[in-house]
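A.B. asks: Following this message is one structure expressed as structure tokens.
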Amino acid sequence: MSYRAVSGDPWISQAATPWRDSFVLGGVLFLCSAVALGLRSPGHLSSLWLSNALLLGWMLRSPAYSHRHCWTAAAVAMALAEWLSGSPLDQTLWLTFADLAAVACGWVMMRRLPLRVRQMRSPSSVLHLVMCSLLVSVVGAVLGSVGMHQLMHWPWQPMMAMWFSSELMHMTLLLPVLLSFPASLEPLSWRGQPFRQIVQALLPLLALVISEAIAIYLGGPGALSLSMPAMLLCAMRYRLFVVALLNLASCAIKLATFSDVLLTSPSSELETTFSFRLGLAMLSIGPLAVACTLMAFKDMLSKLRHAVNHDALTGLLARTSFLERAQRTLERLQREHQSGAMLMLDLDHFKHTNDRHGHAAGDRVLQEVSARLSQALRPHELIGRLGGEEFAVLLPGADCATASAVAQRLCEATREIRIETSDGATICPTLSIGIACTNMAQPPLGLSALLRTADTALYQAKASGRDRYFVAGERPDEAGTPAFACEHSGGAKAA
């Protein structure tokens, strides 16, 4: 038996085997639980119980792991670790039930949210994260304290307070790291980067390190907030995952500094420990909220920039954006004394296609032709839609022979297109292309002159019979004239 991850979720794209994944998840939870239980003091709960946050983050990050096999493996792993630590069987079963019930409540709440929110890419992500952490903490604290009061006669008020504060702290610190973990890690490279930019990138991190050192040196209640300005600087400078990781590391340093209080948890320090844990949880929210908001802002700005610079129908560069980039490219080519070529493209008989088959069919032709043209060009070659059925292509570093070969390839790619219409006809579009090249032996042509020359060559290609390319300055009989015919389903030639 096998199952596959949720379709459309970029976090999971490969087939999964329930027994293999259950074994992996169970093994990790067992080790995590065993370490936490080994550090706890006799007669107290573990102060570093990360298993619940790890399990919830794992299942939210990878929905395929929410299979019943993985839930069973998680229950067995956590119960086995508790039982091997010396806990009675009834205590083991009840604590495991309380942990899994709390995680299940958080999972049910978060799995209904949009993927963007679960990926921590929305300004509301932090709010939902806090609500989920509160729900998990309350459910776990109530079930755990009531059960242990009945089974072991432990006082339920202190236990509920310690359980709640510990769970809330772990959820708010660990969940953001798991949910924002990138799908692929890119190696960090400083090669080619100016020294000034490297220093500017490291300044927030250096400020955080210095703040933490000062906080440890000074001590006292106010030491908790000394690193907040540096964390906010990091949130404005780094990606969300890095911010979440730094936030976790900063709080881990504070936990280690106060380990004598947090690991023993004597009754006389209940209020101090409770307040300390809640303070860490709340301090972590600020940088995360700033990082999430900035990420959402950058995403919206990127979409807006793409909408402004690209044609909505074809996805190619819009006229203004193409002309601006072409102008910058030509200026660079002139400085470097390199050649270049401009291609003007026009769909043959496109007006007849719209009149006969409708504008919806014409839009399909434009979209399909644009996609084929983009695939036939290299990444550094610019292509844009100038308007209607007219396109332009700039080939940096190309001479007339190279431009002719590219034009031939574009014509052939367009001839391969077959578009079926609702009336049973087949549309086979073709291109006419005019080519203008910069000549290094002559004064360089500006963008406007290059476009006019290519446009003149385009009209010569159309006058020569269409479905061909023409290089400016050549004789009409030298134009590329491939033989081509396309048949409708009814037997008539396509327009």
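Naming works like this for the structure tokens: A, B, ... for the chains as they're shown, residue 1 at the start of each chain, ligands 1 onward in shown order.
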Excluding A:Pro229 and residues on its chain fewer than 2 positions from it, collect all residues at most 12 Å away from it, counting only C-alpha atoms, and give them as an MDAnalysis selection string.
C.D. replies: chainID A and resid 204:205 207:212 224:227 231:236 283 286:287 290
A.B. asks: Might you pull out every residue within 12 Å of stretch 79-84 of chain A, with only C-alpha atoms counted and same-chain residues fewer than 6 positions away left off, and present them as a PyMOL selection string?
C.D. replies: chain A and resi 26-38+40+45-46+49+51+72-73+90-100
A.B. asks: Of the residues A:Ala102, A:Leu270, A:Val76, A:Leu347, which is the one nearest to A:Met159, using only C-alpha atoms?
C.D. replies: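 Nearest candidate to A:Met159 out of A:Ala102, A:Leu270, A:Val76, A:Leu347: A:Leu270.
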A.B. asks: Compile the contact shell of A:Met120 as a list of chain:residue names: residues with an atom at most 8 Å away, counting only C-alpha atoms, same-chain residues fewer than 2 positions apart removed.
C.D. replies: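 After dropping sequence-adjacent residues, the list is A:Arg116, A:Val117, A:Arg118, A:Ser122, A:Pro123, A:Ser125, A:Val126, A:Pro176, A:Leu179, A:Ser180, A:Cys292.
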A.B. asks: Considering only helix (DSSP H, G or I) as DSSP defines it on the backbone, what residues of stretch 150-258 of chain A qualify? List them as a count of residues only.
C.D. replies: 84
A.B. asks: Point out the residue among A:Ala252, A:Met109, A:Val243, A:Ala183 with the least atom-to-atom distance to A:Arg61, counting only C-alpha atoms.
C.D. replies: A:Ala183
A.B. asks: How many Å separate atom CA of A:Leu48 from atom CA of A:Pro63?
C.D. replies: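 So the answer is 25.5 Å.
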A.B. asks: For atom CA of A:Trp156 and atom CA of A:Cys132, quote the distance in Å rounded to one decimal.
C.D. replies: 23.0 Å
A.B. asks: For atom CA of A:Val139 and atom CA of A:Thr273, quote the distance in Å rounded to one decimal.
C.D. replies: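 So the answer is 20.2 Å.
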